[in-house]
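Next up, protein-v3.cif (mmCIF, C-alpha atoms and all ligand atoms):
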data_start
#
loop_
_atom_site.label_atom_id
_atom_site.label_comp_id
_atom_site.auth_asym_id
_atom_site.auth_seq_id
_atom_site.Cartn_x
_atom_site.Cartn_y
_atom_site.Cartn_z
CA MET A 17 100.57 153.60 172.21
CA ILE A 18 96.88 152.82 172.05
CA LEU A 19 96.28 149.10 171.52
CA LYS A 20 93.76 148.10 168.88
CA SER A 21 91.78 144.96 168.22
CA ILE A 22 93.23 142.34 165.86
CA LYS A 23 92.53 142.71 162.12
CA GLY A 24 89.40 140.81 161.15
CA THR A 25 87.88 140.93 164.65
CA LYS A 26 85.14 143.29 165.76
CA ASP A 27 83.78 144.70 168.98
CA LEU A 28 80.08 144.30 169.30
CA LEU A 29 79.15 147.71 170.67
CA PRO A 30 76.19 148.20 173.05
CA LEU A 31 73.73 149.36 170.41
CA GLU A 32 74.59 146.44 168.12
CA SER A 33 74.61 143.83 170.86
CA SER A 34 70.97 144.42 171.68
CA ARG A 35 70.14 143.81 168.02
CA TRP A 36 72.18 140.62 168.07
CA GLN A 37 70.39 139.43 171.20
CA HIS A 38 67.06 139.94 169.52
CA VAL A 39 68.18 138.04 166.42
CA GLU A 40 69.66 135.22 168.51
CA GLN A 41 66.39 134.93 170.37
CA VAL A 42 64.39 134.58 167.14
CA VAL A 43 66.86 131.97 165.83
CA ARG A 44 66.64 130.00 169.09
CA GLY A 45 62.87 130.19 168.85
CA VAL A 46 62.92 128.47 165.45
CA PHE A 47 65.36 125.79 166.67
CA HIS A 48 63.21 125.11 169.71
CA ARG A 49 60.06 124.76 167.64
CA TYR A 50 61.79 122.11 165.54
CA ASN A 51 62.85 120.42 168.81
CA TYR A 52 66.59 121.04 168.48
CA LYS A 53 68.42 121.51 171.79
CA GLU A 54 71.51 123.59 172.35
CA ILE A 55 74.97 122.06 172.63
CA ARG A 56 77.92 124.17 173.78
CA THR A 57 81.32 122.75 172.93
CA PRO A 58 84.73 124.30 173.76
CA MET A 59 86.13 127.00 171.52
CA PHE A 60 89.42 125.14 171.12
CA GLU A 61 90.12 121.51 170.38
CA LEU A 62 93.04 119.28 169.44
CA THR A 63 94.16 120.28 165.93
CA GLN A 64 93.75 116.68 164.77
CA LEU A 65 89.99 116.90 165.19
CA PHE A 66 89.75 119.49 162.43
CA SER A 67 92.47 118.16 160.15
CA ARG A 68 90.89 114.70 160.22
CA SER A 69 87.31 115.81 159.77
CA ILE A 70 87.45 118.86 157.51
CA GLY A 71 90.27 117.39 155.43
CA GLU A 72 93.91 118.36 154.88
CA LEU A 73 93.20 119.53 151.34
CA THR A 74 90.64 122.18 152.23
CA ASP A 75 91.46 125.89 152.51
CA ILE A 76 90.36 125.85 156.13
CA VAL A 77 92.88 123.24 157.25
CA GLY A 78 95.49 124.13 154.66
CA LYS A 79 95.84 127.81 155.40
CA GLU A 80 93.18 129.33 157.64
CA MET A 81 93.29 127.71 161.06
CA TYR A 82 94.52 129.47 164.19
CA THR A 83 96.80 126.73 165.44
CA PHE A 84 99.30 126.96 168.28
CA THR A 85 101.23 124.74 170.61
CA ASP A 86 100.17 125.11 174.22
CA ARG A 87 102.48 124.89 177.22
CA SER A 88 102.15 121.12 177.43
CA GLY A 89 103.20 120.73 173.81
CA ASP A 90 99.77 119.85 172.40
CA SER A 91 98.73 121.28 169.05
CA ILE A 92 95.56 123.25 169.66
CA THR A 93 93.25 124.98 167.17
CA LEU A 94 90.57 127.61 167.68
CA ARG A 95 87.48 126.05 166.14
CA PRO A 96 86.98 127.11 162.51
CA GLU A 97 83.47 125.59 162.36
CA GLY A 98 81.04 123.74 164.59
CA THR A 99 80.27 120.33 163.13
CA ALA A 100 83.54 118.57 163.98
CA SER A 101 83.25 119.51 167.66
CA VAL A 102 79.59 118.47 167.81
CA ILE A 103 80.40 115.04 166.37
CA ARG A 104 83.41 114.69 168.69
CA SER A 105 81.09 115.40 171.61
CA TYR A 106 78.40 113.05 170.26
CA ILE A 107 80.90 110.18 170.17
CA GLN A 108 82.64 111.03 173.46
CA ASN A 109 79.38 111.37 175.40
CA ASN A 110 77.58 108.45 173.75
CA LEU A 111 74.70 110.73 172.89
CA GLY A 112 73.38 108.19 170.40
CA GLU A 113 72.84 105.62 173.14
CA ALA A 114 69.92 107.41 174.77
CA GLN A 115 68.09 108.15 171.52
CA PRO A 116 68.44 107.11 167.91
CA LEU A 117 68.15 110.63 166.50
CA VAL A 118 70.01 113.45 168.26
CA LYS A 119 69.00 116.99 167.23
CA VAL A 120 71.26 119.79 168.45
CA TYR A 121 72.05 123.40 167.61
CA TYR A 122 74.89 125.75 168.46
CA MET A 123 75.70 129.44 168.35
CA GLY A 124 79.01 131.16 168.84
CA PRO A 125 82.30 132.45 167.51
CA MET A 126 84.42 130.64 164.90
CA PHE A 127 87.97 131.50 163.86
CA ARG A 128 89.57 131.46 160.41
CA GLN A 129 92.57 133.43 159.22
CA GLU A 130 90.99 134.66 156.00
CA ARG A 131 91.61 137.91 154.16
CA PRO A 132 89.21 140.29 155.92
CA GLN A 133 86.63 142.06 153.76
CA ALA A 134 82.96 143.01 153.99
CA GLY A 135 81.19 139.91 155.32
CA ARG A 136 84.41 138.04 155.94
CA LEU A 137 86.04 138.19 159.35
CA ARG A 138 88.66 136.26 161.27
CA GLN A 139 86.48 135.90 164.32
CA PHE A 140 82.94 135.52 163.04
CA HIS A 141 79.80 133.98 164.48
CA GLN A 142 77.74 131.08 163.32
CA PHE A 143 74.55 129.40 164.34
CA GLY A 144 73.91 125.93 163.07
CA ALA A 145 72.17 122.65 163.70
CA GLU A 146 72.93 118.95 163.32
CA ALA A 147 70.56 115.97 163.14
CA ILE A 148 72.66 112.92 163.95
CA GLY A 149 71.37 109.36 163.44
CA SER A 150 68.98 109.59 160.51
CA PRO A 151 69.73 108.54 156.93
CA THR A 152 66.39 109.74 155.55
CA PRO A 153 65.84 112.49 152.99
CA GLU A 154 63.02 113.70 155.26
CA THR A 155 65.67 114.73 157.79
CA ASP A 156 67.62 116.64 155.10
CA VAL A 157 64.43 118.50 154.31
CA GLU A 158 63.76 119.26 157.98
CA ILE A 159 67.22 120.86 158.21
CA ILE A 160 66.77 122.81 154.96
CA ALA A 161 63.26 123.95 155.92
CA MET A 162 64.44 125.05 159.35
CA ALA A 163 67.35 127.06 157.90
CA ALA A 164 65.05 128.68 155.34
CA GLU A 165 62.43 129.45 157.99
CA ILE A 166 64.92 131.44 160.03
CA TYR A 167 65.33 133.96 157.20
CA ARG A 168 61.60 134.02 156.54
CA ARG A 169 60.94 134.76 160.23
CA PHE A 170 62.80 138.02 159.82
CA GLY A 171 60.77 138.97 156.78
CA LEU A 172 63.61 138.33 154.30
CA THR A 173 62.10 137.23 151.03
CA ASN A 174 65.17 137.50 148.79
CA VAL A 175 66.92 134.36 149.98
CA ALA A 176 67.65 131.73 147.33
CA LEU A 177 68.02 128.02 148.04
CA LYS A 178 70.43 126.00 145.90
CA ILE A 179 70.71 122.25 146.28
CA ASN A 180 72.84 119.49 144.86
CA SER A 181 73.90 115.94 145.58
CA VAL A 182 77.61 115.28 145.97
CA GLY A 183 77.20 111.49 145.80
CA ASP A 184 78.61 108.98 148.25
CA GLU A 185 81.74 106.88 148.73
CA GLU A 186 80.66 104.61 145.89
CA CYS A 187 79.67 106.97 143.07
CA ARG A 188 81.72 110.05 143.91
CA PRO A 189 85.17 108.54 143.19
CA LEU A 190 83.90 107.36 139.79
CA TYR A 191 82.56 110.82 139.00
CA LYS A 192 85.81 112.41 140.17
CA ASP A 193 87.71 110.25 137.65
CA VAL A 194 85.40 111.30 134.81
CA LEU A 195 85.69 114.96 135.81
CA ARG A 196 89.48 114.78 136.25
CA THR A 197 89.91 113.36 132.75
CA GLU A 198 87.92 116.24 131.28
CA LEU A 199 89.66 118.88 133.39
CA LEU A 200 93.11 117.62 132.41
CA LYS A 201 92.27 118.40 128.79
CA ILE A 202 91.98 122.11 129.61
CA ALA A 203 94.32 122.21 132.62
CA ASP A 204 96.77 124.76 131.20
CA LYS A 205 94.00 127.32 130.75
CA LEU A 206 92.73 127.07 134.36
CA SER A 207 93.84 129.23 137.28
CA MET A 208 96.82 128.01 139.31
CA ASP A 209 94.57 127.15 142.26
CA SER A 210 92.31 125.05 140.07
CA GLN A 211 95.24 123.31 138.40
CA LYS A 212 96.48 122.24 141.83
CA ARG A 213 93.08 120.85 142.73
CA ILE A 214 92.59 118.63 139.68
CA GLY A 215 94.67 115.80 141.11
CA GLN A 216 93.27 115.38 144.60
CA ASN A 217 89.98 117.21 144.62
CA PRO A 218 88.72 117.97 141.10
CA MET A 219 85.21 118.83 142.32
CA ARG A 220 86.62 121.92 144.00
CA VAL A 221 87.51 123.25 140.53
CA LEU A 222 83.78 123.59 139.88
CA ASP A 223 83.62 125.74 143.01
CA SER A 224 86.18 128.23 141.66
CA LYS A 225 85.10 131.87 141.65
CA ASP A 226 87.59 132.70 138.87
CA ALA A 227 85.62 133.95 135.83
CA GLN A 228 87.77 132.11 133.27
CA ASP A 229 87.54 128.85 135.29
CA MET A 230 83.77 129.19 135.48
CA PHE A 231 83.50 129.77 131.76
CA LEU A 232 85.78 126.86 130.86
CA THR A 233 84.08 124.37 133.20
CA ALA A 234 80.50 125.31 132.32
CA GLY A 235 80.00 122.25 130.12
CA MET A 236 81.81 119.75 132.38
CA PRO A 237 80.13 116.46 133.35
CA ARG A 238 77.67 116.95 136.18
CA ILE A 239 77.60 114.86 139.32
CA THR A 240 73.83 114.67 139.12
CA ASP A 241 74.29 112.57 135.93
CA HIS A 242 76.66 110.20 137.74
CA LEU A 243 74.80 109.38 140.95
CA ASN A 244 74.25 105.73 141.86
CA GLU A 245 70.75 104.41 142.51
CA ALA A 246 70.73 105.13 146.27
CA CYS A 247 71.97 108.72 145.91
CA SER A 248 69.65 109.38 143.02
CA VAL A 249 66.54 108.10 144.84
CA HIS A 250 67.55 110.12 147.91
CA PHE A 251 67.99 113.30 145.88
CA GLU A 252 64.67 112.86 144.07
CA ARG A 253 62.88 112.49 147.42
CA VAL A 254 64.52 115.65 148.80
CA LYS A 255 63.32 117.59 145.76
CA GLU A 256 59.85 116.06 145.94
CA LEU A 257 59.46 117.02 149.61
CA LEU A 258 60.72 120.57 149.08
CA THR A 259 58.14 120.98 146.33
CA LEU A 260 55.38 119.53 148.51
CA MET A 261 56.29 121.99 151.27
CA GLY A 262 56.29 124.92 148.88
CA ILE A 263 59.98 125.69 149.41
CA PRO A 264 61.41 127.05 146.13
CA TYR A 265 64.87 125.80 145.11
CA THR A 266 67.19 125.46 142.15
CA VAL A 267 69.52 122.55 141.49
CA ASP A 268 73.10 123.77 141.15
CA PRO A 269 75.42 120.98 139.98
CA ARG A 270 78.41 123.21 140.73
CA LEU A 271 77.58 123.36 144.41
CA VAL A 272 80.21 121.08 145.92
CA ARG A 273 80.89 122.73 149.33
CA GLY A 274 84.47 123.01 150.54
CA LEU A 275 84.53 120.22 153.07
CA ASP A 276 85.42 116.59 152.42
CA TYR A 277 82.93 114.95 154.74
CA TYR A 278 79.75 115.76 152.83
CA THR A 279 77.72 112.98 151.17
CA LYS A 280 74.50 113.16 149.15
CA THR A 281 72.58 116.39 149.82
CA ALA A 282 74.46 119.71 149.79
CA PHE A 283 72.71 123.06 149.96
CA GLU A 284 73.32 126.77 150.26
CA LEU A 285 71.17 129.78 151.06
CA THR A 286 72.32 132.95 149.37
CA SER A 287 71.34 136.59 149.17
CA ASP A 288 72.20 138.80 146.21
CA GLU A 289 72.33 141.74 148.62
CA LEU A 290 75.64 140.57 150.07
CA GLY A 291 77.97 141.29 147.16
CA SER A 292 80.77 138.80 146.58
CA GLN A 293 80.24 137.02 149.92
CA SER A 294 76.72 135.96 149.05
CA ALA A 295 76.43 132.80 151.16
CA LEU A 296 74.18 133.19 154.19
CA ALA A 297 74.25 129.53 155.17
CA GLY A 298 75.42 126.20 153.90
CA GLY A 299 75.00 122.61 154.86
CA GLY A 300 74.38 119.09 153.86
CA ARG A 301 74.58 115.43 154.72
CA TYR A 302 77.77 113.94 156.11
CA ASP A 303 77.30 110.20 156.62
CA LEU A 304 81.04 109.46 156.81
CA LEU A 305 82.21 111.86 159.50
CA THR A 306 81.32 109.99 162.68
CA LYS A 307 83.23 106.91 161.53
CA GLU A 308 86.14 109.07 160.39
CA LEU A 309 86.38 110.42 163.94
CA GLY A 310 86.42 106.97 165.50
CA GLY A 311 82.73 106.44 166.23
CA LYS A 312 80.20 104.02 164.76
CA GLN A 313 79.10 104.92 161.25
CA THR A 314 76.18 107.29 161.87
CA PRO A 315 74.33 109.20 159.16
CA ALA A 316 73.94 112.91 159.86
CA VAL A 317 72.90 116.18 158.27
CA GLY A 318 73.30 119.80 159.32
CA PHE A 319 73.90 123.41 158.38
CA ALA A 320 75.84 126.46 159.52
CA ALA A 321 74.90 130.09 159.01
CA GLY A 322 76.86 133.30 159.36
CA MET A 323 75.52 135.70 161.95
CA GLU A 324 77.32 138.79 160.58
CA ARG A 325 75.89 138.15 157.12
CA LEU A 326 72.37 137.79 158.51
CA MET A 327 72.84 141.12 160.34
CA MET A 328 74.06 142.71 157.09
CA VAL A 329 70.97 141.72 155.10
CA LEU A 330 68.68 142.72 157.96
CA GLU A 331 70.31 146.16 158.03
CA LYS A 332 70.05 146.51 154.24
CA ASN A 333 66.32 145.80 154.52
CA ASN A 334 65.79 148.01 157.60
CA LEU A 335 64.65 144.98 159.55
CA THR A 336 66.93 145.28 162.58
CA ALA A 337 65.25 145.27 165.96
CA PRO A 338 64.86 148.51 167.87
CA ALA A 339 67.44 149.19 170.56
CA LEU A 340 66.77 148.24 174.17
CA ARG A 341 64.90 151.07 175.87
CA PRO A 342 64.26 151.87 179.54
CA THR A 343 60.54 151.91 180.28
CA LEU A 344 60.83 154.86 182.65
CA PHE A 345 63.27 157.67 183.42
CA ILE A 346 62.89 159.25 186.84
CA ALA A 347 64.17 162.83 186.86
CA ALA A 348 64.84 164.55 190.19
CA ALA A 349 63.74 168.22 190.13
CA ASP A 350 65.58 169.13 193.33
CA ASP A 351 67.92 167.70 195.95
CA ALA A 352 65.00 166.65 198.12
CA ALA A 353 63.93 164.18 195.45
CA ARG A 354 67.36 162.59 194.75
CA SER A 355 67.22 159.95 197.48
CA TRP A 356 63.65 159.13 196.54
CA SER A 357 64.58 158.82 192.85
CA ILE A 358 67.46 156.44 193.52
CA THR A 359 65.59 154.21 195.96
CA THR A 360 62.46 154.13 193.81
CA THR A 361 64.54 153.32 190.71
CA MET A 362 66.12 150.37 192.52
CA GLU A 363 62.80 149.19 193.90
CA LEU A 364 61.00 149.31 190.55
CA ARG A 365 63.91 147.48 188.91
CA SER A 366 63.69 144.70 191.46
CA ARG A 367 59.98 144.45 190.74
CA GLY A 368 60.75 143.92 187.07
CA THR A 369 60.56 147.33 185.37
CA SER A 370 63.48 148.73 183.36
CA VAL A 371 64.16 152.13 184.97
CA GLU A 372 66.93 154.71 184.65
CA THR A 373 67.63 157.83 186.70
CA ASP A 374 70.39 160.44 187.05
CA PHE A 375 73.70 159.35 188.60
CA LEU A 376 75.70 162.43 187.62
CA ASN A 377 73.88 165.10 189.69
CA ARG A 378 72.77 166.87 186.54
CA SER A 379 70.37 169.77 186.14
CA LEU A 380 66.74 168.94 185.38
CA LYS A 381 67.24 170.11 181.80
CA ALA A 382 70.22 167.80 181.35
CA GLN A 383 68.26 164.91 182.88
CA MET A 384 65.44 165.45 180.36
CA ARG A 385 67.99 165.39 177.55
CA GLU A 386 69.36 162.14 178.96
CA ALA A 387 65.87 160.58 179.03
CA ASP A 388 65.59 161.38 175.31
CA ARG A 389 69.08 160.07 174.57
CA GLN A 390 68.26 156.80 176.33
CA LEU A 391 65.03 156.52 174.30
CA ALA A 392 63.08 156.11 177.54
CA ARG A 393 59.41 155.37 176.92
CA HIS A 394 58.21 157.54 179.82
CA VAL A 395 59.66 160.23 182.01
CA VAL A 396 58.44 161.45 185.39
CA VAL A 397 59.77 164.58 187.12
CA VAL A 398 59.70 164.42 190.89
CA GLY A 399 60.51 167.25 193.33
CA ALA A 400 59.51 168.37 196.84
CA HIS A 401 56.04 169.30 195.61
CA GLU A 402 55.35 165.86 194.09
CA LEU A 403 56.73 164.08 197.13
CA ALA A 404 54.39 166.06 199.37
CA SER A 405 51.30 165.40 197.27
CA GLY A 406 52.20 161.82 196.29
CA LYS A 407 51.24 162.67 192.69
CA ALA A 408 53.23 163.55 189.58
CA THR A 409 52.90 164.03 185.81
CA LEU A 410 53.95 161.06 183.69
CA LYS A 411 54.96 161.92 180.14
CA ASN A 412 54.90 159.38 177.33
CA LEU A 413 57.91 160.29 175.19
CA ASP A 414 56.63 158.37 172.16
CA ASP A 415 53.31 160.17 171.70
CA HIS A 416 54.01 163.17 173.98
CA THR A 417 50.82 162.65 176.00
CA THR A 418 50.85 163.34 179.73
CA ARG A 419 48.75 162.13 182.61
CA ASP A 420 48.67 162.46 186.40
CA VAL A 421 49.72 159.37 188.31
CA ASP A 422 50.07 158.25 191.91
CA LEU A 423 53.76 157.93 192.84
CA SER A 424 52.90 154.71 194.67
CA LEU A 425 51.55 153.27 191.39
CA LEU A 426 54.41 154.20 189.02
CA ALA A 427 55.18 150.62 187.97
CA GLU A 428 51.54 149.96 187.10
CA SER A 429 51.26 153.27 185.24
CA VAL A 430 54.10 152.53 182.81
CA MET A 431 53.03 148.99 181.99
CA ASP A 432 52.64 148.58 178.24
P1 LIG A 501 81.04 127.38 156.04
O1 LIG A 501 81.29 126.74 157.37
O2 LIG A 501 82.29 127.86 155.38
O3 LIG A 501 80.13 126.59 155.16
O4 LIG A 501 80.25 128.72 156.36
C1 LIG A 501 78.92 128.76 156.72
C2 LIG A 501 78.47 130.21 156.77
O5 LIG A 501 79.28 130.92 157.72
C3 LIG A 501 78.71 130.96 155.47
O6 LIG A 501 77.62 130.77 154.62
C4 LIG A 501 78.84 132.38 155.94
O7 LIG A 501 77.56 132.95 156.15
C5 LIG A 501 79.52 132.23 157.28
N1 LIG A 501 80.99 132.46 157.20
C6 LIG A 501 81.93 131.58 156.83
N2 LIG A 501 83.16 132.13 156.90
C7 LIG A 501 82.99 133.40 157.34
C8 LIG A 501 83.88 134.48 157.63
N3 LIG A 501 85.21 134.37 157.51
N4 LIG A 501 83.35 135.65 158.06
C9 LIG A 501 82.00 135.79 158.21
N5 LIG A 501 81.13 134.79 157.95
C10 LIG A 501 81.60 133.61 157.52
#
Would you write the structure of this file as structure tokens?
Amino acid sequence: MILKSIKGTKDLLPLESSRWQHVEQVVRGVFHRYNYKEIRTPMFELTQLFSRSIGELTDIVGKEMYTFTDRSGDSITLRPEGTASVIRSYIQNNLGEAQPLVKVYYMGPMFRQERPQAGRLRQFHQFGAEAIGSPTPETDVEIIAMAAEIYRRFGLTNVALKINSVGDEECRPLYKDVLRTELLKIADKLSMDSQKRIGQNPMRVLDSKDAQDMFLTAGMPRITDHLNEACSVHFERVKELLTLMGIPYTVDPRLVRGLDYYTKTAFELTSDELGSQSALAGGGRYDLLTKELGGKQTPAVGFAAGMERLMMVLEKNNLTAPALRPTLFIAAADDAARSWSITTTMELRSRGTSVETDFLNRSLKAQMREADRQLARHVVVVGAHELASGKATLKNLDDHTTRDVDLSLLAESVMD
């Protein structure tokens, strides 16, 4: 029996991985320009970390986590998202002691047992950033601007920014009561999922993708009409700054985000080219999480973005990076040139040029086909005659021009 990969997981094949590397490099470049530094946390943590931070009532904790008991009896979970681990690490390593504002980013696989479909996997990849230690709306806007800039960097112009405020521990419970009262009046017409949510988490009903739910809740009270003074001032400043920076947005009072730890600003970047899974990235402020996880109360804001979804929109727009290509292919015309080809290939590689040659003792014709298949930029054919004269013909496979070169100056000759 041939074993296959697990449903909802994907191999990143060689052609794709070079595209991913290019994209990751561009993303890192943006993070670095905003002075965010990378943090790498483990891919598994104690289950408690996620159940306490993300919240027992969320889909992630309720039904999607990969949780198992290890040999010492501990309950372990493969990380379903990045923020909880980053905050755990921030507290454990006293990162806040050295500086008041800690700016970090991460990149890597996340694990959720969701129903696989286009744009939704069980092992997927996220990049994201967290700014820990600042309560200011300016920091929210830095995070939003940075996330938006990543998509702009790639030339994607069809990315929409939606923002909302989800209130804080003072005004949100009051709003939830108002909303719950209204929802109870129409409870029997809502989907089963939404009916279950009314009691504990009525804001999630607004998040429902069920058409009937959306229709019925369209006129429900909006959180933006129930914010207290502090949340309202904060939200106004976020909007003012986005406008000043020329970042277009719409306010979406239904944007509540799935996780319990958000406060004040919530935002999402979407693309209408992604079908039903339209969210490219989401984030917001989470001033209550650090305390929830046993640290000092520390205001923070961040976002997470899906790598697969970014790759999907790049492909749709023909914006993926070209594959990696060898700069030179050395073809051996006869046996006399084989040793020279191999040693020269190795030498040029160690001097920094990307070179390929024949390792399968193929005919010259087959070697030329291989140079094409590898998308080599140049090819040089070397045989006894070239070795004797020290000169050969270098062909540029992109524009099909040829020129005579000194074999001792091959590296210089193929420099772009
Ligand atoms: P979340 O942590 O759920 O807010 O997700 C942040 C981003 O990660 C989303 O906007 C998606 O782009 C991506 N994402 C979340 N879940 C998945 C999944 N199961 N498969 C692929 N991408 C995902």
Q: Please identify the residues whose atoms come within 9 Å of ligand LIG 501 (chain A), using only C-alpha atoms and all ligand atoms, and report them as number ranges by chain.
A: A: 24, 76, 96-99, 126-144, 273-275, 284-286, 293-299, 319-326
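Ranking A:Thr155, A:Gln64, A:Ser405, A:Thr259 by their shortest atom-to-atom distance to Tyr50 of chain A, with all atoms listed in the file included, puts A:Thr155 first.
Note that atom CA of Ala339 of chain A and atom CA of Ser355 of chain A are 29.0 Å apart.
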With 10 Å as the cut-off and all atoms listed in the file counted, what is the closest atom pair between each nearby residue of segment 28-85 of chain A and segment 104-114 of chain A? Distances in Å to one decimal, ordered by chain and number, as JSON lines.
{"residue": "A:Ile55", "atom": "CA", "partner": "A:Ser105", "partner_atom": "CA", "distance": 9.1}
{"residue": "A:Arg56", "atom": "CA", "partner": "A:Ser105", "partner_atom": "CA", "distance": 9.6}
{"residue": "A:Thr57", "atom": "CA", "partner": "A:Ser105", "partner_atom": "CA", "distance": 7.5}
{"residue": "A:Pro58", "atom": "CA", "partner": "A:Ser105", "partner_atom": "CA", "distance": 9.9}
{"residue": "A:Glu61", "atom": "CA", "partner": "A:Arg104", "partner_atom": "CA", "distance": 9.7}
{"residue": "A:Leu65", "atom": "CA", "partner": "A:Arg104", "partner_atom": "CA", "distance": 7.8}
{"residue": "A:Ser69", "atom": "CA", "partner": "A:Arg104", "partner_atom": "CA", "distance": 9.8}
Q.
So, with all atoms listed in the file as the atoms that count, which of A:Leu335, A:Ser429, A:Asp388, A:Met362 lies closest to Arg168 of chain A?
A. A:Leu335
Q. Segment 204-219 of chain A: which residues within 8 Å, counting all atoms listed in the file, same-chain residues fewer than 4 positions away excluded, as a PyMOL selection string?
A. chain A and resi 73+192+195-196+199-200+223-224+226+228-229+232+272
